[in-house]
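Asker: Got run08.cif for you, mmCIF, C-alpha atoms:
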data_data
#
loop_
_atom_site.label_atom_id
_atom_site.label_comp_id
_atom_site.auth_asym_id
_atom_site.auth_seq_id
_atom_site.Cartn_x
_atom_site.Cartn_y
_atom_site.Cartn_z
CA ASP A 14 0.00 0.00 0.00
CA THR A 15 1.70 3.16 -1.20
CA GLU A 16 -1.13 5.53 -0.55
CA VAL A 17 -1.98 8.44 1.67
CA THR A 18 -5.73 8.79 2.13
CA GLN A 19 -7.61 11.85 3.31
CA THR A 20 -11.20 12.37 4.42
CA PRO A 21 -13.42 14.11 3.71
CA LYS A 22 -12.76 15.03 0.10
CA HIS A 23 -14.77 18.24 0.43
CA LEU A 24 -15.86 20.17 3.52
CA VAL A 25 -18.00 23.26 3.87
CA MET A 26 -18.19 24.85 7.30
CA GLY A 27 -19.34 28.02 8.98
CA MET A 28 -17.06 30.23 11.01
CA THR A 29 -18.49 28.94 14.30
CA ASN A 30 -18.24 25.23 13.44
CA LYS A 31 -15.76 22.67 14.71
CA LYS A 32 -14.64 20.05 12.24
CA SER A 33 -11.71 17.69 11.72
CA LEU A 34 -9.70 16.53 8.74
CA LYS A 35 -8.28 13.03 8.76
CA CYS A 36 -5.20 11.55 7.09
CA GLU A 37 -4.05 7.94 7.09
CA GLN A 38 -1.06 6.05 5.71
CA HIS A 39 -0.03 2.40 6.02
CA MET A 40 3.47 2.63 4.57
CA GLY A 41 5.16 2.55 7.97
CA HIS A 42 6.23 6.16 7.56
CA ARG A 43 7.22 7.92 10.77
CA ALA A 44 6.95 11.53 9.57
CA MET A 45 3.65 13.15 8.60
CA TYR A 46 2.88 16.65 7.38
CA TRP A 47 0.03 19.09 6.87
CA TYR A 48 0.23 21.56 3.99
CA LYS A 49 -2.16 24.30 2.91
CA GLN A 50 -2.53 25.13 -0.78
CA LYS A 51 -4.35 28.17 -2.11
CA ALA A 52 -5.49 28.27 -5.73
CA LYS A 53 -2.71 28.57 -8.30
CA LYS A 54 -0.04 28.51 -5.57
CA PRO A 55 2.40 25.86 -4.32
CA PRO A 56 1.67 24.07 -1.04
CA GLU A 57 2.80 25.76 2.18
CA LEU A 58 3.96 23.69 5.13
CA MET A 59 1.86 23.98 8.31
CA PHE A 60 2.95 21.19 10.67
CA VAL A 61 5.37 18.27 10.85
CA TYR A 62 5.01 15.25 13.11
CA SER A 63 7.94 12.94 13.64
CA TYR A 64 7.45 9.73 15.58
CA GLU A 65 4.04 11.02 16.68
CA LYS A 66 5.49 14.18 18.18
CA LEU A 67 4.99 17.67 16.79
CA SER A 68 8.37 18.82 15.53
CA ILE A 69 7.53 21.83 13.39
CA ASN A 70 4.74 24.40 13.61
CA GLU A 71 5.15 27.02 10.91
CA SER A 72 3.52 29.78 13.00
CA VAL A 73 0.06 28.50 12.21
CA PRO A 74 -2.89 30.21 14.01
CA SER A 75 -4.28 28.32 16.97
CA ARG A 76 -7.63 27.81 15.23
CA PHE A 77 -5.78 24.93 13.50
CA SER A 78 -4.90 22.16 15.95
CA PRO A 79 -3.03 19.06 14.76
CA GLU A 80 -3.10 15.69 16.45
CA CYS A 81 -1.23 12.46 15.77
CA PRO A 82 -2.97 9.67 17.72
CA ASN A 83 -0.72 6.94 16.30
CA SER A 84 1.92 6.40 13.66
CA SER A 85 -0.63 5.88 10.87
CA LEU A 86 -3.07 8.70 11.60
CA LEU A 87 -2.90 12.45 11.48
CA ASN A 88 -5.80 14.77 12.26
CA LEU A 89 -6.28 18.49 11.82
CA HIS A 90 -8.92 19.99 14.12
CA LEU A 91 -10.56 23.17 12.89
CA HIS A 92 -12.36 25.74 15.01
CA ALA A 93 -13.52 29.30 14.40
CA LEU A 94 -12.00 29.47 10.94
CA GLN A 95 -12.11 32.51 8.69
CA PRO A 96 -13.14 32.63 5.02
CA GLU A 97 -9.51 33.20 4.05
CA ASP A 98 -8.75 29.73 5.44
CA SER A 99 -10.59 28.24 2.48
CA ALA A 100 -8.02 26.14 0.61
CA LEU A 101 -6.93 22.63 -0.30
CA TYR A 102 -5.40 20.91 2.75
CA LEU A 103 -2.85 18.29 1.85
CA CYS A 104 -1.41 15.59 4.05
CA ALA A 105 1.91 13.96 3.27
CA SER A 106 4.15 11.33 4.80
CA SER A 107 7.75 10.24 4.51
CA GLN A 108 9.75 7.32 5.77
CA ASP A 109 11.88 9.40 8.04
CA ARG A 110 13.34 12.80 8.65
CA GLY A 111 16.88 13.47 9.59
CA TRP A 112 20.41 13.84 8.66
CA GLY A 113 21.47 11.77 5.71
CA GLN A 114 21.01 11.75 1.98
CA GLY A 115 18.74 9.63 -0.03
CA ALA A 116 15.29 9.20 -1.43
CA ARG A 117 13.78 8.02 1.85
CA TYR A 118 12.89 11.62 2.65
CA GLU A 119 10.63 12.01 -0.34
CA GLN A 120 7.14 12.96 0.68
CA PHE A 121 4.05 11.17 -0.57
CA PHE A 122 0.96 13.34 -0.77
CA GLY A 123 -2.69 12.53 -0.30
CA PRO A 124 -5.45 13.82 -2.60
CA GLY A 125 -6.35 16.64 -0.21
CA THR A 126 -9.47 18.00 1.45
CA ARG A 127 -10.99 21.01 -0.25
CA LEU A 128 -12.23 23.26 2.55
CA THR A 129 -14.67 26.12 2.11
CA VAL A 130 -15.36 28.42 5.06
CA LEU A 131 -18.53 30.48 4.77
CA GLY B 16 17.69 31.12 1.67
CA ASP B 17 16.91 28.08 -0.42
CA SER B 18 14.57 28.60 -3.34
CA VAL B 19 13.25 27.13 -6.58
CA THR B 20 12.48 29.11 -9.71
CA GLN B 21 10.51 27.81 -12.66
CA MET B 22 8.68 29.24 -15.64
CA GLU B 23 5.13 29.93 -14.49
CA GLY B 24 3.26 29.70 -17.74
CA PRO B 25 0.59 28.99 -18.62
CA VAL B 26 2.17 26.87 -21.31
CA THR B 27 -0.06 25.72 -24.16
CA LEU B 28 1.13 23.02 -26.55
CA SER B 29 -0.39 20.94 -29.29
CA GLU B 30 -0.58 17.20 -28.83
CA GLU B 31 2.70 15.42 -29.71
CA ALA B 32 4.76 18.60 -29.24
CA PHE B 33 8.04 18.60 -27.29
CA LEU B 34 7.84 19.88 -23.74
CA THR B 35 10.50 21.65 -21.68
CA ILE B 36 9.76 23.26 -18.34
CA ASN B 37 12.78 25.02 -16.90
CA CYS B 38 13.64 24.77 -13.22
CA THR B 39 16.61 26.23 -11.38
CA TYR B 40 17.36 26.13 -7.70
CA THR B 41 19.40 27.89 -5.06
CA ALA B 42 20.51 25.79 -2.13
CA THR B 43 23.54 24.99 -0.05
CA GLY B 44 24.65 21.43 0.29
CA TYR B 45 23.26 18.58 -1.77
CA PRO B 46 19.50 18.72 -2.05
CA SER B 47 17.32 16.06 -3.58
CA LEU B 48 15.24 17.35 -6.49
CA PHE B 49 11.70 16.42 -7.48
CA TRP B 50 9.01 17.09 -10.00
CA TYR B 51 5.45 16.82 -8.70
CA VAL B 52 2.35 16.93 -10.89
CA GLN B 53 -1.10 18.11 -9.86
CA TYR B 54 -4.03 17.22 -12.12
CA PRO B 55 -7.13 19.41 -11.93
CA GLY B 56 -8.95 18.97 -8.62
CA GLU B 57 -6.43 16.48 -7.24
CA GLY B 58 -3.50 16.32 -4.84
CA LEU B 59 0.18 16.16 -5.73
CA GLN B 60 1.77 13.09 -7.29
CA LEU B 61 5.50 12.54 -7.38
CA LEU B 62 6.46 12.41 -11.05
CA LEU B 63 10.20 11.83 -10.80
CA LYS B 64 13.19 12.47 -8.57
CA ALA B 65 16.98 12.70 -8.47
CA THR B 66 19.11 12.60 -5.37
CA LYS B 67 22.57 13.51 -6.61
CA ALA B 68 24.38 15.33 -9.40
CA ASP B 69 24.04 13.81 -12.89
CA ASP B 70 21.19 11.54 -11.79
CA LYS B 71 18.42 11.30 -14.37
CA GLY B 72 14.89 10.80 -13.10
CA SER B 73 12.32 9.41 -15.51
CA ASN B 74 8.69 8.34 -15.43
CA LYS B 75 5.78 8.16 -17.91
CA GLY B 76 7.95 9.57 -20.71
CA PHE B 77 9.10 12.54 -18.62
CA GLU B 78 12.79 13.04 -17.84
CA ALA B 79 14.90 15.46 -15.83
CA THR B 80 18.64 15.50 -15.11
CA TYR B 81 20.16 16.93 -11.94
CA ARG B 82 22.78 19.44 -13.17
CA LYS B 83 24.78 20.76 -10.25
CA GLU B 84 27.01 22.97 -12.42
CA THR B 85 23.99 24.93 -13.68
CA THR B 86 21.80 24.28 -10.59
CA SER B 87 19.03 23.09 -12.87
CA PHE B 88 16.50 20.26 -13.14
CA HIS B 89 14.58 20.89 -16.35
CA LEU B 90 11.60 18.68 -17.14
CA GLU B 91 11.27 17.29 -20.68
CA LYS B 92 8.92 15.06 -22.61
CA GLY B 93 9.26 14.20 -26.23
CA SER B 94 5.59 14.01 -27.16
CA VAL B 95 2.90 15.41 -24.86
CA GLN B 96 -0.67 14.15 -24.67
CA VAL B 97 -3.90 15.88 -23.70
CA SER B 98 -3.83 13.83 -20.48
CA ASP B 99 -0.58 15.59 -19.48
CA SER B 100 -2.51 18.83 -18.89
CA ALA B 101 -1.77 19.70 -15.26
CA VAL B 102 0.30 21.93 -13.01
CA TYR B 103 3.92 20.86 -12.59
CA PHE B 104 5.91 21.79 -9.48
CA CYS B 105 9.67 21.60 -9.25
CA ALA B 106 10.83 21.07 -5.67
CA LEU B 107 13.87 20.48 -3.54
CA LEU B 108 14.35 18.80 -0.21
CA LYS B 109 17.30 19.57 1.94
CA THR B 110 18.10 16.40 3.80
CA SER B 111 18.68 18.30 7.01
CA TYR B 112 15.23 19.90 6.84
CA ASP B 113 11.70 18.58 6.54
CA LYS B 114 10.35 21.35 4.42
CA VAL B 115 9.88 20.64 0.74
CA ILE B 116 10.62 23.89 -1.07
CA PHE B 117 8.37 24.23 -4.08
CA GLY B 118 8.66 26.37 -7.14
CA PRO B 119 5.60 28.45 -8.09
CA GLY B 120 4.25 25.78 -10.45
CA THR B 121 3.84 25.71 -14.24
CA SER B 122 0.41 25.22 -15.71
CA LEU B 123 0.43 23.11 -18.89
CA SER B 124 -2.47 22.81 -21.30
CA VAL B 125 -2.21 20.35 -24.19
CA ILE B 126 -4.73 20.83 -26.97
CA PRO B 127 -5.71 18.16 -29.52
#
Show me, as C-alpha cells, the structure contained in the file I just sent.

Answerer:
Amino acid sequence: DTEVTQTPKHLVMGMTNKKSLKCEQHMGHRAMYWYKQKAKKPPELMFVYSYEKLSINESVPSRFSPECPNSSLLNLHLHALQPEDSALYLCASSQDRGWGQGARYEQFFGPGTRLTVL
Amino acid sequence: GDSVTQMEGPVTLSEEAFLTINCTYTATGYPSLFWYVQYPGEGLQLLLKATKADDKGSNKGFEATYRKETTSFHLEKGSVQVSDSAVYFCALLKTSYDKVIFGPGTSLSVIP
C-alpha cells in the first residue's frame, strides 16, 4: 500500500463550526505533514510530526490544531475558521526525517481535502 | 535562503509537441530534487526524482537530469498528450530539513 488517504474530500463549514480533517497512511512512515494550498499557488507547510510528536509548527494560528494519535493517523482539528482559510489541505508522509542523503525523505501526498469556510 | 524558480506559464502546446519546463534552484549542500504533478482537482503526485548530481529521473515519458554545475533540473517530454494537462511543481528537499521547497508551479495545457 503506497497511498496516503484523506477524508473528507470536500468540507464546507461556517465560522463557528468545529470540524476535523483526517489523514491515514499504512506505509510505515514515521513523519507526517500538513500543507495548505491556495489556488494557483504551491503548497505551504503547516505542521510536521515525527514519531508522533509535533516537531515543526510554521507559525500557524491556533484555530488549527493538529493531532497524531498513532503512527498511521494524522488529524487536523478546525475551530472558528475565517473565510480566508478556504483552501486545499494536503497531508503527506515520509519514511523518516533526519540527517542523511537519499530518497527516503521524499514525501508522498494525499489527494487533499478542499475546505470552504462560509 | 533556499529557493526554486521555474517558468510559471501557462504553457499551451499541441498534442505530440516537445515539452520543456525550466527549473533552477538555489541551495547549499546537496538537495534532492523532485518534479510533482497536480491534475485538476487532485493532490500532488510525485512524477520523478533525483538525489545527486548527474542523476536522471524518468517516469511516464518525462525526464529530468540533476545538473549541479547549472543548478538546474529541467523537465522534458518528447511528445505530450492531452492527459498531461496539469500543473507541474519543481521542488527540492534539503536532507537536514523537513520542508519541501516548491517552485511556483507551471500550468500546462495540451490541446488536440

Asker: What is the CA of Glu80 in chain A-CA of Met45 in chain A distance in Å, reported with one decimal?

Answerer: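 Spanning CA of Glu80 in chain A to CA of Met45 in chain A is a straight-line distance of 10.7 Å.
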
Asker: Considering all atoms listed in the file, tabulate each residue of chain B that lies at most 9 Å from chain A along with its nearest interatomic pair and the corresponding distance in Å to one decimal; arrange the rows by chain and ascending residue number and present them as a Markdown table.

Answerer:
| residue | atom | partner | partner_atom | distance |
| --- | --- | --- | --- | --- |
| B:Tyr45 | CA | A:Gln114 | CA | 8.1 |
| B:Pro46 | CA | A:Gln114 | CA | 8.2 |
| B:Ser47 | CA | A:Ala116 | CA | 7.5 |
| B:Phe49 | CA | A:Glu119 | CA | 8.5 |
| B:Gly56 | CA | A:Pro124 | CA | 8.7 |
| B:Glu57 | CA | A:Pro124 | CA | 5.4 |
| B:Gly58 | CA | A:Pro124 | CA | 3.9 |
| B:Leu59 | CA | A:Phe122 | CA | 5.8 |
| B:Gln60 | CA | A:Phe122 | CA | 6.6 |
| B:Leu61 | CA | A:Phe121 | CA | 7.1 |
| B:Lys64 | CA | A:Ala116 | CA | 8.1 |
| B:Ala65 | CA | A:Ala116 | CA | 8.0 |
| B:Thr66 | CA | A:Gly115 | CA | 6.1 |
| B:Lys67 | CA | A:Gly115 | CA | 8.5 |
| B:Val102 | CA | A:Lys53 | CA | 8.7 |
| B:Phe104 | CA | A:Pro55 | CA | 7.5 |
| B:Leu108 | CA | A:Glu119 | CA | 7.7 |
| B:Lys109 | CA | A:Gln114 | CA | 8.7 |
| B:Thr110 | CA | A:Gln114 | CA | 5.8 |
| B:Ser111 | CA | A:Trp112 | CA | 5.1 |
| B:Tyr112 | CA | A:Gly111 | CA | 7.2 |
| B:Asp113 | CA | A:Arg110 | CA | 6.4 |
| B:Lys114 | CA | A:Leu58 | CA | 6.8 |
| B:Val115 | CA | A:Leu58 | CA | 8.0 |
| B:Ile116 | CA | A:Glu57 | CA | 8.7 |
| B:Phe117 | CA | A:Pro55 | CA | 6.2 |
| B:Gly118 | CA | A:Pro55 | CA | 6.9 |
| B:Pro119 | CA | A:Pro55 | CA | 5.6 |
| B:Gly120 | CA | A:Pro55 | CA | 6.4 |
| B:Ser122 | CA | A:Lys53 | CA | 8.7 |

Asker: Taking all atoms listed in the file into account, name the residue in B:Glu31, B:Leu107, B:Pro55, B:Thr121 that is nearest to Ser94 in chain B.

Answerer: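 Among the listed residues, B:Glu31 lies closest to Ser94 in chain B.
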
Asker: Show me, as a list in words, the residues that have an atom within 9 Å of range 96-98 of chain B when counting all atoms listed in the file, minus same-chain residues fewer than 4 positions from it.

Answerer: Ser29, Glu30, Glu31, Ala32, Ser124, Val125, Ile126 and Pro127 of chain B

Asker: Might you spell out which residues the PyMOL selection byres ((chain A and resi 28-32) around 8) would select in the displayed file, as an mmCIF file with C-alpha atoms, keeping the file's coordinate frame?

Answerer:
data_model
loop_
_atom_site.group_PDB
_atom_site.id
_atom_site.type_symbol
_atom_site.label_atom_id
_atom_site.label_comp_id
_atom_site.auth_asym_id
_atom_site.auth_seq_id
_atom_site.Cartn_x
_atom_site.Cartn_y
_atom_site.Cartn_z
ATOM 1 C CA MET A 26 -18.190 24.850 7.300
ATOM 2 C CA GLY A 27 -19.340 28.020 8.980
ATOM 3 C CA SER A 33 -11.710 17.690 11.720
ATOM 4 C CA LEU A 34 -9.700 16.530 8.740
ATOM 5 C CA HIS A 90 -8.920 19.990 14.120
ATOM 6 C CA LEU A 91 -10.560 23.170 12.890
ATOM 7 C CA HIS A 92 -12.360 25.740 15.010
ATOM 8 C CA ALA A 93 -13.520 29.300 14.400
ATOM 9 C CA LEU A 94 -12.000 29.470 10.940
ATOM 10 C CA GLN A 95 -12.110 32.510 8.690
ATOM 11 C CA PRO A 96 -13.140 32.630 5.020
ATOM 12 C CA VAL A 130 -15.360 28.420 5.060
ATOM 13 C CA LEU A 131 -18.530 30.480 4.770
#

Asker: Excluding His89 in chain B and residues on its chain fewer than 6 positions from it, collect all residues at most 9 Å away from it, counting all atoms listed in the file, and give them as an MDAnalysis selection string.

Answerer: chainID B and resid 21 35:39 78:82 105

Asker: Evaluate the PyMOL selection byres ((chain A and resi 40) around 9) here and jot the selected residues down as a list in words.

Answerer: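 Listing what the PyMOL selection byres ((chain A and resi 40) around 9) selects in the shown file: Asp14, Thr15, Glu16, Val17, Gln38, His39, Gly41, His42, Arg43, Ser85, Ser106, Ser107 and Gln108 of chain A.
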
Asker: Would you put the residues from that selection into a file with C-alpha atoms, as a PDB file, in the frame of the given file?

Answerer:
ATOM      1  CA  ASP A  14       0.000   0.000   0.000  1.00  0.00           C
ATOM      2  CA  THR A  15       1.700   3.160  -1.200  1.00  0.00           C
ATOM      3  CA  GLU A  16      -1.130   5.530  -0.550  1.00  0.00           C
ATOM      4  CA  VAL A  17      -1.980   8.440   1.670  1.00  0.00           C
ATOM      5  CA  GLN A  38      -1.060   6.050   5.710  1.00  0.00           C
ATOM      6  CA  HIS A  39      -0.030   2.400   6.020  1.00  0.00           C
ATOM      7  CA  GLY A  41       5.160   2.550   7.970  1.00  0.00           C
ATOM      8  CA  HIS A  42       6.230   6.160   7.560  1.00  0.00           C
ATOM      9  CA  ARG A  43       7.220   7.920  10.770  1.00  0.00           C
ATOM     10  CA  SER A  85      -0.630   5.880  10.870  1.00  0.00           C
ATOM     11  CA  SER A 106       4.150  11.330   4.800  1.00  0.00           C
ATOM     12  CA  SER A 107       7.750  10.240   4.510  1.00  0.00           C
ATOM     13  CA  GLN A 108       9.750   7.320   5.770  1.00  0.00           C
TER      14      GLN A 108
END

Asker: Some atoms are missing, so please complete range 38-53 of chain B with N, CA and C atoms and return it as a short mmCIF file (atom, residue, chain, number, x, y, z; two decimals), in the frame of the given file.

Answerer:
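File part.cif, as written:
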data_model
loop_
_atom_site.label_atom_id
_atom_site.label_comp_id
_atom_site.auth_asym_id
_atom_site.auth_seq_id
_atom_site.Cartn_x
_atom_site.Cartn_y
_atom_site.Cartn_z
N CYS B 38 13.62 24.66 -14.68
CA CYS B 38 13.64 24.77 -13.22
C CYS B 38 15.08 24.99 -12.80
N THR B 39 15.31 26.01 -11.99
CA THR B 39 16.61 26.23 -11.38
C THR B 39 16.42 26.39 -9.88
N TYR B 40 17.49 26.09 -9.15
CA TYR B 40 17.36 26.13 -7.70
C TYR B 40 18.56 26.86 -7.09
N THR B 41 18.34 27.32 -5.88
CA THR B 41 19.40 27.89 -5.06
C THR B 41 19.37 27.16 -3.73
N ALA B 42 20.46 26.52 -3.39
CA ALA B 42 20.51 25.79 -2.13
C ALA B 42 21.95 25.49 -1.78
N THR B 43 22.24 25.46 -0.51
CA THR B 43 23.54 24.99 -0.05
C THR B 43 23.49 23.48 0.09
N GLY B 44 24.63 22.87 0.09
CA GLY B 44 24.65 21.43 0.29
C GLY B 44 24.20 20.66 -0.93
N TYR B 45 23.60 19.51 -0.70
CA TYR B 45 23.26 18.58 -1.77
C TYR B 45 21.80 18.18 -1.69
N PRO B 46 20.92 19.05 -2.16
CA PRO B 46 19.50 18.72 -2.05
C PRO B 46 19.09 17.58 -2.97
N SER B 47 18.00 16.93 -2.64
CA SER B 47 17.32 16.06 -3.58
C SER B 47 16.33 16.92 -4.37
N LEU B 48 16.10 16.56 -5.62
CA LEU B 48 15.24 17.35 -6.49
C LEU B 48 14.08 16.50 -6.99
N PHE B 49 12.93 17.13 -7.13
CA PHE B 49 11.70 16.42 -7.48
C PHE B 49 10.89 17.22 -8.48
N TRP B 50 10.12 16.50 -9.26
CA TRP B 50 9.01 17.09 -10.00
C TRP B 50 7.73 16.42 -9.51
N TYR B 51 6.78 17.27 -9.07
CA TYR B 51 5.45 16.82 -8.70
C TYR B 51 4.46 17.31 -9.76
N VAL B 52 3.40 16.54 -9.96
CA VAL B 52 2.35 16.93 -10.89
C VAL B 52 1.02 16.97 -10.16
N GLN B 53 0.22 17.97 -10.48
CA GLN B 53 -1.10 18.11 -9.86
C GLN B 53 -2.13 18.23 -10.97
#
